[in-house]
$ cat query_38.cif   # mmCIF, C-alpha atoms
data_input
#
loop_
_atom_site.group_PDB
_atom_site.id
_atom_site.type_symbol
_atom_site.label_atom_id
_atom_site.label_comp_id
_atom_site.auth_asym_id
_atom_site.auth_seq_id
_atom_site.Cartn_x
_atom_site.Cartn_y
_atom_site.Cartn_z
ATOM 1 C CA MET U 319 177.280 105.336 120.605
ATOM 2 C CA ALA U 320 178.005 109.006 119.754
ATOM 3 C CA ILE U 321 180.353 108.040 116.924
ATOM 4 C CA ALA U 322 177.745 105.640 115.522
ATOM 5 C CA PHE U 323 175.128 108.404 115.693
ATOM 6 C CA VAL U 324 177.281 110.839 113.674
ATOM 7 C CA VAL U 325 178.321 108.182 111.145
ATOM 8 C CA ALA U 326 174.678 107.127 110.740
ATOM 9 C CA VAL U 327 173.552 110.706 110.024
ATOM 10 C CA PHE U 328 176.135 110.956 107.231
ATOM 11 C CA PHE U 329 175.167 107.488 106.004
ATOM 12 C CA ALA U 330 171.476 108.454 106.069
ATOM 13 C CA SER U 331 172.103 111.324 103.653
ATOM 14 C CA PHE U 332 173.532 108.873 101.093
ATOM 15 C CA PHE U 333 170.848 106.285 101.860
ATOM 16 C CA GLU U 334 168.094 108.890 101.290
ATOM 17 C CA TRP U 335 169.777 110.025 98.054
ATOM 18 C CA THR U 336 170.089 106.455 96.728
ATOM 19 C CA LEU U 337 166.523 105.537 97.613
ATOM 20 C CA HIS U 338 165.170 108.740 96.140
ATOM 21 C CA ARG U 339 167.163 108.624 92.912
ATOM 22 C CA TYR U 340 167.101 104.921 92.074
ATOM 23 C CA PHE U 341 163.801 103.707 93.525
ATOM 24 C CA MET U 342 161.493 106.731 93.745
ATOM 25 C CA HIS U 343 162.275 108.222 90.339
ATOM 26 C CA ARG U 344 162.496 105.128 88.170
ATOM 27 C CA PRO U 345 161.112 101.603 88.219
ATOM 28 C CA PHE U 346 163.531 99.118 89.749
ATOM 29 C CA GLY U 347 162.890 95.846 87.930
ATOM 30 C CA ASN U 348 159.462 94.594 88.952
ATOM 31 C CA PHE U 349 159.477 96.827 92.049
ATOM 32 C CA VAL U 350 157.500 99.892 90.933
ATOM 33 C CA TYR U 351 155.672 100.843 94.151
ATOM 34 C CA ALA U 352 158.063 103.639 95.167
ATOM 35 C CA PHE U 353 158.225 105.011 91.611
ATOM 36 C CA ARG U 354 154.436 105.106 91.265
ATOM 37 C CA ALA U 355 153.835 106.635 94.697
ATOM 38 C CA HIS U 356 156.508 109.279 94.354
ATOM 39 C CA ALA U 357 157.253 110.181 90.726
ATOM 40 C CA LEU U 358 153.832 109.469 89.256
ATOM 41 C CA VAL U 359 151.582 110.607 92.117
ATOM 42 C CA HIS U 360 153.489 112.967 94.434
ATOM 43 C CA HIS U 361 155.324 114.852 91.664
ATOM 44 C CA GLN U 362 152.197 115.135 89.533
ATOM 45 C CA THR U 363 150.270 116.573 92.478
ATOM 46 C CA PHE U 364 152.991 118.884 93.804
ATOM 47 C CA LYS U 365 154.984 120.871 91.266
ATOM 48 C CA ALA U 366 157.284 123.889 91.780
ATOM 49 C CA ASP U 367 154.555 126.466 91.095
ATOM 50 C CA HIS U 368 151.617 127.317 93.393
ATOM 51 C CA THR U 369 150.783 123.584 93.498
ATOM 52 C CA TYR U 370 153.943 123.022 95.588
ATOM 53 C CA HIS U 371 151.601 123.703 98.516
ATOM 54 C CA LEU U 372 148.552 121.519 99.067
ATOM 55 C CA ILE U 373 145.592 122.687 96.981
ATOM 56 C CA ASN U 374 143.064 119.843 97.350
ATOM 57 C CA GLU U 375 142.481 118.353 100.785
ATOM 58 C CA ALA U 376 141.963 114.949 99.145
ATOM 59 C CA ASP U 377 145.634 114.966 98.081
ATOM 60 C CA LYS U 378 146.951 115.326 101.639
ATOM 61 C CA HIS U 379 147.645 111.590 101.861
ATOM 62 C CA THR U 380 150.203 111.880 99.033
ATOM 63 C CA ILE U 381 152.575 114.051 101.102
ATOM 64 C CA PRO U 382 153.951 111.455 103.559
ATOM 65 C CA MET U 383 155.160 107.969 102.808
ATOM 66 C CA ALA U 384 152.897 105.061 103.728
ATOM 67 C CA TRP U 385 152.951 104.294 107.479
ATOM 68 C CA TRP U 386 154.896 101.058 107.016
ATOM 69 C CA ASN U 387 157.686 102.670 104.953
ATOM 70 C CA GLY U 388 159.355 104.120 108.058
ATOM 71 C CA PRO U 389 159.986 100.835 109.882
ATOM 72 C CA VAL U 390 161.075 99.119 106.645
ATOM 73 C CA LEU U 391 163.503 101.886 105.625
ATOM 74 C CA ILE U 392 164.953 102.165 109.122
ATOM 75 C CA ALA U 393 165.456 98.397 109.273
ATOM 76 C CA VAL U 394 167.192 98.325 105.877
ATOM 77 C CA GLY U 395 169.327 101.341 106.784
ATOM 78 C CA MET U 396 170.408 99.632 109.982
ATOM 79 C CA ILE U 397 171.901 96.571 108.232
ATOM 80 C CA PRO U 398 175.457 97.987 107.947
ATOM 81 C CA PHE U 399 175.345 99.003 111.617
ATOM 82 C CA TRP U 400 174.220 95.543 112.726
ATOM 83 C CA ILE U 401 177.198 94.127 110.835
ATOM 84 C CA ALA U 402 179.558 96.741 112.312
ATOM 85 C CA ALA U 403 178.237 96.079 115.825
ATOM 86 C CA TRP U 404 178.835 92.359 115.384
ATOM 87 C CA PHE U 405 182.453 92.960 114.298
ATOM 88 C CA VAL U 406 183.147 95.591 116.957
ATOM 89 C CA GLY U 407 181.217 93.750 119.644
ATOM 90 C CA SER U 408 179.372 96.846 120.862
ATOM 91 C CA TRP U 409 175.637 97.379 121.264
ATOM 92 C CA GLY U 410 176.391 101.107 121.458
ATOM 93 C CA VAL U 411 176.804 101.076 117.690
ATOM 94 C CA ILE U 412 173.241 99.792 117.324
ATOM 95 C CA ALA U 413 171.822 102.269 119.823
ATOM 96 C CA GLY U 414 173.529 105.308 118.291
ATOM 97 C CA ALA U 415 172.743 104.340 114.707
ATOM 98 C CA LEU U 416 169.132 103.457 115.507
ATOM 99 C CA LEU U 417 168.608 106.814 117.220
ATOM 100 C CA ALA U 418 170.104 108.605 114.190
ATOM 101 C CA CYS U 419 168.057 106.627 111.636
ATOM 102 C CA ILE U 420 164.781 107.177 113.516
ATOM 103 C CA SER U 421 165.559 110.889 113.974
ATOM 104 C CA TYR U 422 166.529 111.311 110.324
ATOM 105 C CA TYR U 423 163.369 109.613 109.056
ATOM 106 C CA GLY U 424 161.245 111.630 111.485
ATOM 107 C CA ALA U 425 162.909 114.859 110.347
ATOM 108 C CA TYR U 426 162.328 113.870 106.714
ATOM 109 C CA GLU U 427 158.625 113.201 107.178
ATOM 110 C CA TYR U 428 157.985 116.272 109.337
ATOM 111 C CA MET U 429 159.906 118.745 107.176
ATOM 112 C CA HIS U 430 158.465 117.306 103.963
ATOM 113 C CA TRP U 431 154.973 117.626 105.448
ATOM 114 C CA CYS U 432 155.635 121.255 106.431
ATOM 115 C CA MET U 433 157.056 122.070 102.992
ATOM 116 C CA HIS U 434 153.919 120.979 101.171
ATOM 117 C CA LEU U 435 151.426 121.994 103.863
ATOM 118 C CA PRO U 436 152.797 125.183 105.491
ATOM 119 C CA LYS U 437 151.044 126.480 108.620
ATOM 120 C CA LYS U 438 153.550 129.057 109.998
ATOM 121 C CA ARG U 439 154.966 126.499 112.450
ATOM 122 C CA ASN U 440 158.072 127.356 114.485
ATOM 123 C CA ILE U 441 160.297 125.194 112.270
ATOM 124 C CA GLU U 442 159.127 127.133 109.219
ATOM 125 C CA ARG U 443 160.724 130.268 110.674
ATOM 126 C CA SER U 444 164.229 128.771 110.904
ATOM 127 C CA GLY U 445 166.983 129.624 108.446
ATOM 128 C CA ILE U 446 167.934 125.972 107.917
ATOM 129 C CA TYR U 447 164.364 125.022 107.053
ATOM 130 C CA PHE U 448 164.120 128.041 104.716
ATOM 131 C CA ARG U 449 167.167 126.849 102.754
ATOM 132 C CA LEU U 450 166.044 123.219 102.722
ATOM 133 C CA ASN U 451 162.609 124.295 101.492
ATOM 134 C CA GLY U 452 164.240 126.065 98.542
ATOM 135 C CA HIS U 453 166.384 122.992 97.965
ATOM 136 C CA HIS U 454 163.289 120.781 97.831
ATOM 137 C CA LEU U 455 161.332 123.260 95.708
ATOM 138 C CA LEU U 456 164.091 123.009 93.106
ATOM 139 C CA HIS U 457 163.737 119.214 93.198
ATOM 140 C CA HIS U 458 160.095 119.633 92.215
ATOM 141 C CA ARG U 459 161.245 121.796 89.289
ATOM 142 C CA TYR U 460 164.219 119.591 88.318
ATOM 143 C CA MET U 461 163.368 116.020 89.360
ATOM 144 C CA HIS U 462 166.921 114.757 88.810
ATOM 145 C CA LYS U 463 168.506 117.292 91.145
ATOM 146 C CA ASN U 464 168.382 117.835 94.923
ATOM 147 C CA PHE U 465 167.365 114.343 96.023
ATOM 148 C CA ASN U 466 168.032 115.041 99.717
ATOM 149 C CA VAL U 467 165.369 116.667 101.879
ATOM 150 C CA VAL U 468 167.055 116.637 105.301
ATOM 151 C CA PHE U 469 170.825 116.831 104.835
ATOM 152 C CA PRO U 470 172.029 117.568 101.262
ATOM 153 C CA LEU U 471 175.536 116.188 101.786
ATOM 154 C CA ALA U 472 174.994 113.417 99.218
ATOM 155 C CA ASP U 473 173.677 115.940 96.682
ATOM 156 C CA LEU U 474 176.859 117.952 97.171
ATOM 157 C CA CYS U 475 179.206 114.940 96.969
ATOM 158 C CA LEU U 476 177.436 113.179 94.084
ATOM 159 C CA GLY U 477 176.958 116.177 91.796
ATOM 160 C CA THR U 478 173.188 116.649 92.021
ATOM 161 C CA LEU U 479 173.174 119.820 94.127
ATOM 162 C CA LEU U 480 171.379 122.748 92.486
ATOM 163 C CA LEU U 481 171.270 126.057 94.361
ATOM 164 C CA ARG U 482 169.212 128.120 91.915
ATOM 165 C CA SER U 483 167.013 127.516 88.907
ATOM 166 C CA ARG U 484 168.658 127.621 85.505
ATOM 167 C CA VAL U 485 165.713 129.508 84.008
ATOM 168 C CA HIS U 486 163.037 131.781 85.355
ATOM 169 C CA PHE U 487 159.765 130.052 86.229
ATOM 170 C CA LYS U 488 156.594 130.816 88.173
ATOM 171 C CA GLN U 489 157.567 129.379 91.546
ATOM 172 C CA ALA U 490 155.646 128.810 94.761
ATOM 173 C CA GLU U 491 155.607 131.742 97.148
ATOM 174 C CA GLY U 492 155.222 132.113 100.888
ATOM 175 C CA PRO U 493 157.031 133.331 103.987
ATOM 176 C CA SER U 494 159.151 130.162 104.233
ATOM 177 C CA VAL U 495 159.853 129.805 100.499
ATOM 178 C CA PRO U 496 163.072 131.408 99.259
ATOM 179 C CA ASN U 497 163.506 132.929 95.826
ATOM 180 C CA VAL U 498 165.298 130.247 93.779
ATOM 181 C CA GLN U 499 165.187 132.142 90.486
ATOM 182 C CA PRO U 500 168.412 132.737 88.540
ATOM 183 C CA ARG U 501 170.455 135.623 89.855
ATOM 184 C CA VAL U 502 170.015 138.750 87.784
ATOM 185 C CA ARG U 503 173.372 140.044 86.665
ATOM 186 C CA LYS U 504 173.768 143.766 86.588
ATOM 187 C CA PRO U 505 174.966 144.994 83.213
ATOM 188 C CA ARG U 506 178.503 146.287 83.272
ATOM 189 C CA LEU U 507 179.268 149.627 81.775
ATOM 190 C CA PRO U 508 181.941 149.528 79.098
ATOM 191 C CA LYS U 509 185.358 150.714 80.184
ATOM 192 C CA PHE U 510 186.475 153.746 78.250
ATOM 193 C CA ALA U 511 190.046 154.635 77.442
ATOM 194 C CA GLY U 512 191.506 157.391 79.560
ATOM 195 C CA ALA U 513 190.422 160.899 78.597
ATOM 196 C CA ARG U 514 192.885 162.977 76.535
#
$ encode --input "query_38.cif" --output "structure tokens"
Amino acid sequence: MAIAFVVAVFFASFFEWTLHRYFMHRPFGNFVYAFRAHALVHHQTFKADHTYHLINEADKHTIPMAWWNGPVLIAVGMIPFWIAAWFVGSWGVIAGALLACISYYGAYEYMHWCMHLPKKRNIERSGIYFRLNGHHLLHHRYMHKNFNVVFPLADLCLGTLLLRSRVHFKQAEGPSVPNVQPRVRKPRLPKFAGAR
């Protein structure tokens, strides 16, 4: 069960990345629901500037996924673990993986909600959240980078990890929002030949 839990957390990072990149940022054949809800509505409402945080109360519903997305995504994510459990003959695989998938989705929804609607919650004071918030803010600036919200392992492994902006921009500010601007390099003084 413990092994299945750990494997499922790693799997969930790649599952989130795949879903986000290939379904939420482009139409997939005739299936355009995820693309419309995410790329066309969520990203148009929440950008990387001051609009990264909720401005209009009427837009609050665009932060989380629809209520039925959770059960569907968890069920689809569980398919490899159902197959593995059948081959291994252990229900512990199902239990561990299900716990991981539910926890991962819950963490995604809660952190994503806090990122766009900050309220000085306890989680918003943690260092991990602070870094993940910067990671997600950069996704709203560069939509084809930083697809993970919870665990950016897939971003690291698949070449979409961006730690800082390439150019300076007017970014969102707040106590739980890190500075993601390009690092300012200090000018070096020229080296002079030894004095004679």
$ residues_around --input "query_38.cif" --residues "range 379-392 of chain U" --least-positions-apart "6" --cutoff "8 Å" --atoms "all atoms listed in the file" --output "list of chain:residue names"
U:Ala355, U:Val359, U:His360, U:Leu416, U:Cys419, U:Ile420, U:Tyr423, U:Glu427, U:His430, U:Trp431, U:His434
$ residues_near_point --input "query_38.cif" --point "(167.4, 123.9, 89.4)" --cutoff "12 Å" --atoms "all atoms listed in the file" --output "ChimeraX atom specification"
/U:366,452-465,478-487,489,497-500
$ atom_distance --input "query_38.cif" --atom1 "CA of Lys365 in chain U" --atom2 "CA of Tyr428 in chain U"
18.9 Å
$ atom_distance --input "query_38.cif" --atom1 "CA of His371 in chain U" --atom2 "CA of Cys432 in chain U"
9.2 Å
$ closest_residue --input "query_38.cif" --among "U:Leu337, U:Met429, U:Met342, U:Val411" --to "Val325 in chain U" --atoms "all atoms listed in the file"
U:Val411
$ closest_residue --input "query_38.cif" --among "U:Ala357, U:Ala320, U:Ile401, U:Ala472" --to "Phe333 in chain U" --atoms "all atoms listed in the file"
U:Ala472
$ resolve_selection --input "query_38.cif" --expression "the PyMOL selection byres ((chain U and resi 438) around 12)" --output "list in words"
Cys432, Met433, His434, Leu435, Pro436, Lys437, Arg439, Asn440, Ile441, Glu442, Arg443, Ser444, Tyr447, Phe448, Gly492, Pro493, Ser494 and Val495 of chain U
$ resolve_selection --input "query_38.cif" --expression "the PyMOL selection byres ((chain U and resi 328) around 12)" --output "list of chain:residue names"
U:Ile321, U:Ala322, U:Phe323, U:Val324, U:Val325, U:Ala326, U:Val327, U:Phe329, U:Ala330, U:Ser331, U:Phe332, U:Phe333, U:Glu334, U:Trp335, U:Gly395, U:Ala415, U:Ala418, U:Cys419, U:Tyr422, U:Asn466, U:Val468, U:Phe469, U:Pro470, U:Leu471, U:Ala472, U:Asp473, U:Cys475
$ atom_distance --input "query_38.cif" --atom1 "CA of His343 in chain U" --atom2 "CA of His368 in chain U"
22.1 Å
$ closest_residue --input "query_38.cif" --among "U:Leu358, U:Phe364, U:Ile412, U:Phe341" --to "Ala490 in chain U" --atoms "all atoms listed in the file"
U:Phe364
$ residues_around --input "query_38.cif" --residues "Gly410 in chain U" --least-positions-apart "4" --cutoff "8 Å" --atoms "only C-alpha atoms" --output "number ranges by chain"
U: 319, 322, 403, 414
$ decode --input "query_38.cif" --residues "range 397-513 of chain U" --atoms "C-alpha atoms" --output "tab-separated table (two decimals), in the first residue's frame"
chain	number	residue	atom	x	y	z
U	397	ILE	CA	-6.70	2.71	-14.37
U	398	PRO	CA	-3.00	1.69	-14.34
U	399	PHE	CA	-3.27	0.83	-10.64
U	400	TRP	CA	-6.35	-1.34	-11.19
U	401	ILE	CA	-4.38	-3.22	-13.84
U	402	ALA	CA	-1.32	-3.50	-11.57
U	403	ALA	CA	-3.47	-4.71	-8.67
U	404	TRP	CA	-5.00	-7.39	-10.89
U	405	PHE	CA	-1.54	-8.64	-11.95
U	406	VAL	CA	-0.05	-8.44	-8.45
U	407	GLY	CA	-3.18	-9.73	-6.77
U	408	SER	CA	-3.16	-7.09	-4.03
U	409	TRP	CA	-5.93	-4.70	-3.02
U	410	GLY	CA	-3.27	-2.71	-1.16
U	411	VAL	CA	-2.18	-1.31	-4.51
U	412	ILE	CA	-5.68	0.08	-5.05
U	413	ALA	CA	-5.93	1.49	-1.54
U	414	GLY	CA	-2.54	3.22	-1.62
U	415	ALA	CA	-2.98	4.61	-5.13
U	416	LEU	CA	-6.53	5.79	-4.45
U	417	LEU	CA	-5.41	7.61	-1.30
U	418	ALA	CA	-2.58	9.27	-3.27
U	419	CYS	CA	-4.81	10.27	-6.21
U	420	ILE	CA	-7.50	11.75	-3.95
U	421	SER	CA	-4.88	13.60	-1.87
U	422	TYR	CA	-3.12	14.92	-4.97
U	423	TYR	CA	-6.34	16.19	-6.53
U	424	GLY	CA	-7.40	17.74	-3.22
U	425	ALA	CA	-4.02	19.44	-2.87
U	426	TYR	CA	-4.29	20.72	-6.45
U	427	GLU	CA	-7.73	22.25	-5.95
U	428	TYR	CA	-6.95	23.75	-2.54
U	429	MET	CA	-3.58	25.24	-3.46
U	430	HIS	CA	-4.88	26.54	-6.79
U	431	TRP	CA	-7.80	28.16	-4.96
U	432	CYS	CA	-5.43	29.79	-2.45
U	433	MET	CA	-3.13	31.02	-5.23
U	434	HIS	CA	-5.88	32.93	-6.99
U	435	LEU	CA	-7.85	33.90	-3.89
U	436	PRO	CA	-5.29	34.53	-1.10
U	437	LYS	CA	-6.61	35.06	2.44
U	438	LYS	CA	-3.43	34.72	4.59
U	439	ARG	CA	-4.25	31.07	5.36
U	440	ASN	CA	-1.70	28.92	7.21
U	441	ILE	CA	-0.68	27.13	4.00
U	442	GLU	CA	0.10	30.47	2.39
U	443	ARG	CA	2.85	31.01	4.97
U	444	SER	CA	4.76	27.83	4.07
U	445	GLY	CA	7.95	27.86	2.03
U	446	ILE	CA	6.76	25.07	-0.27
U	447	TYR	CA	3.55	26.91	-1.08
U	448	PHE	CA	5.54	30.13	-1.67
U	449	ARG	CA	7.71	28.39	-4.28
U	450	LEU	CA	4.77	26.61	-5.90
U	451	ASN	CA	2.88	29.91	-6.09
U	452	GLY	CA	5.79	31.45	-8.01
U	453	HIS	CA	5.89	28.36	-10.21
U	454	HIS	CA	2.20	28.75	-11.03
U	455	LEU	CA	2.46	32.52	-11.50
U	456	LEU	CA	5.06	31.87	-14.19
U	457	HIS	CA	2.62	29.47	-15.87
U	458	HIS	CA	0.15	32.33	-16.13
U	459	ARG	CA	2.89	34.41	-17.79
U	460	TYR	CA	4.22	31.59	-20.01
U	461	MET	CA	1.32	29.22	-20.70
U	462	HIS	CA	3.56	26.51	-22.17
U	463	LYS	CA	5.78	26.26	-19.10
U	464	ASN	CA	5.21	25.03	-15.53
U	465	PHE	CA	2.20	22.79	-16.11
U	466	ASN	CA	2.37	21.24	-12.63
U	467	VAL	CA	0.71	22.95	-9.68
U	468	VAL	CA	1.34	20.43	-6.89
U	469	PHE	CA	4.56	18.54	-7.61
U	470	PRO	CA	6.67	19.91	-10.52
U	471	LEU	CA	8.59	16.67	-11.10
U	472	ALA	CA	7.12	16.25	-14.60
U	473	ASP	CA	8.01	19.85	-15.47
U	474	LEU	CA	11.59	19.12	-14.44
U	475	CYS	CA	11.81	15.79	-16.30
U	476	LEU	CA	10.00	16.92	-19.46
U	477	GLY	CA	11.78	20.23	-19.99
U	478	THR	CA	8.98	22.68	-19.15
U	479	LEU	CA	10.32	23.90	-15.81
U	480	LEU	CA	10.88	27.66	-15.65
U	481	LEU	CA	12.27	29.14	-12.44
U	482	ARG	CA	12.29	32.83	-13.37
U	483	SER	CA	10.81	35.04	-16.04
U	484	ARG	CA	12.88	35.65	-19.14
U	485	VAL	CA	11.90	39.32	-19.23
U	486	HIS	CA	10.76	41.84	-16.68
U	487	PHE	CA	6.99	42.22	-16.38
U	488	LYS	CA	4.48	43.75	-13.97
U	489	GLN	CA	3.76	40.71	-11.82
U	490	ALA	CA	1.24	40.04	-9.07
U	491	GLU	CA	2.37	40.99	-5.59
U	492	GLY	CA	1.50	39.82	-2.10
U	493	PRO	CA	3.00	38.21	0.98
U	494	SER	CA	2.86	34.71	-0.54
U	495	VAL	CA	3.98	35.70	-4.04
U	496	PRO	CA	7.72	35.43	-4.72
U	497	ASN	CA	9.63	37.72	-7.04
U	498	VAL	CA	9.97	35.75	-10.30
U	499	GLN	CA	11.63	38.55	-12.27
U	500	PRO	CA	14.94	37.91	-14.04
U	501	ARG	CA	17.93	38.08	-11.75
U	502	VAL	CA	19.77	41.37	-12.02
U	503	ARG	CA	23.42	40.75	-12.76
U	504	LYS	CA	25.85	43.07	-11.10
U	505	PRO	CA	28.19	44.68	-13.60
U	506	ARG	CA	31.74	43.45	-13.32
U	507	LEU	CA	34.54	45.92	-13.13
U	508	PRO	CA	37.17	45.45	-15.81
U	509	LYS	CA	40.35	43.76	-14.67
U	510	PHE	CA	43.35	46.00	-15.04
U	511	ALA	CA	46.87	44.86	-15.72
U	512	GLY	CA	49.16	44.92	-12.72
U	513	ALA	CA	50.47	48.36	-11.78
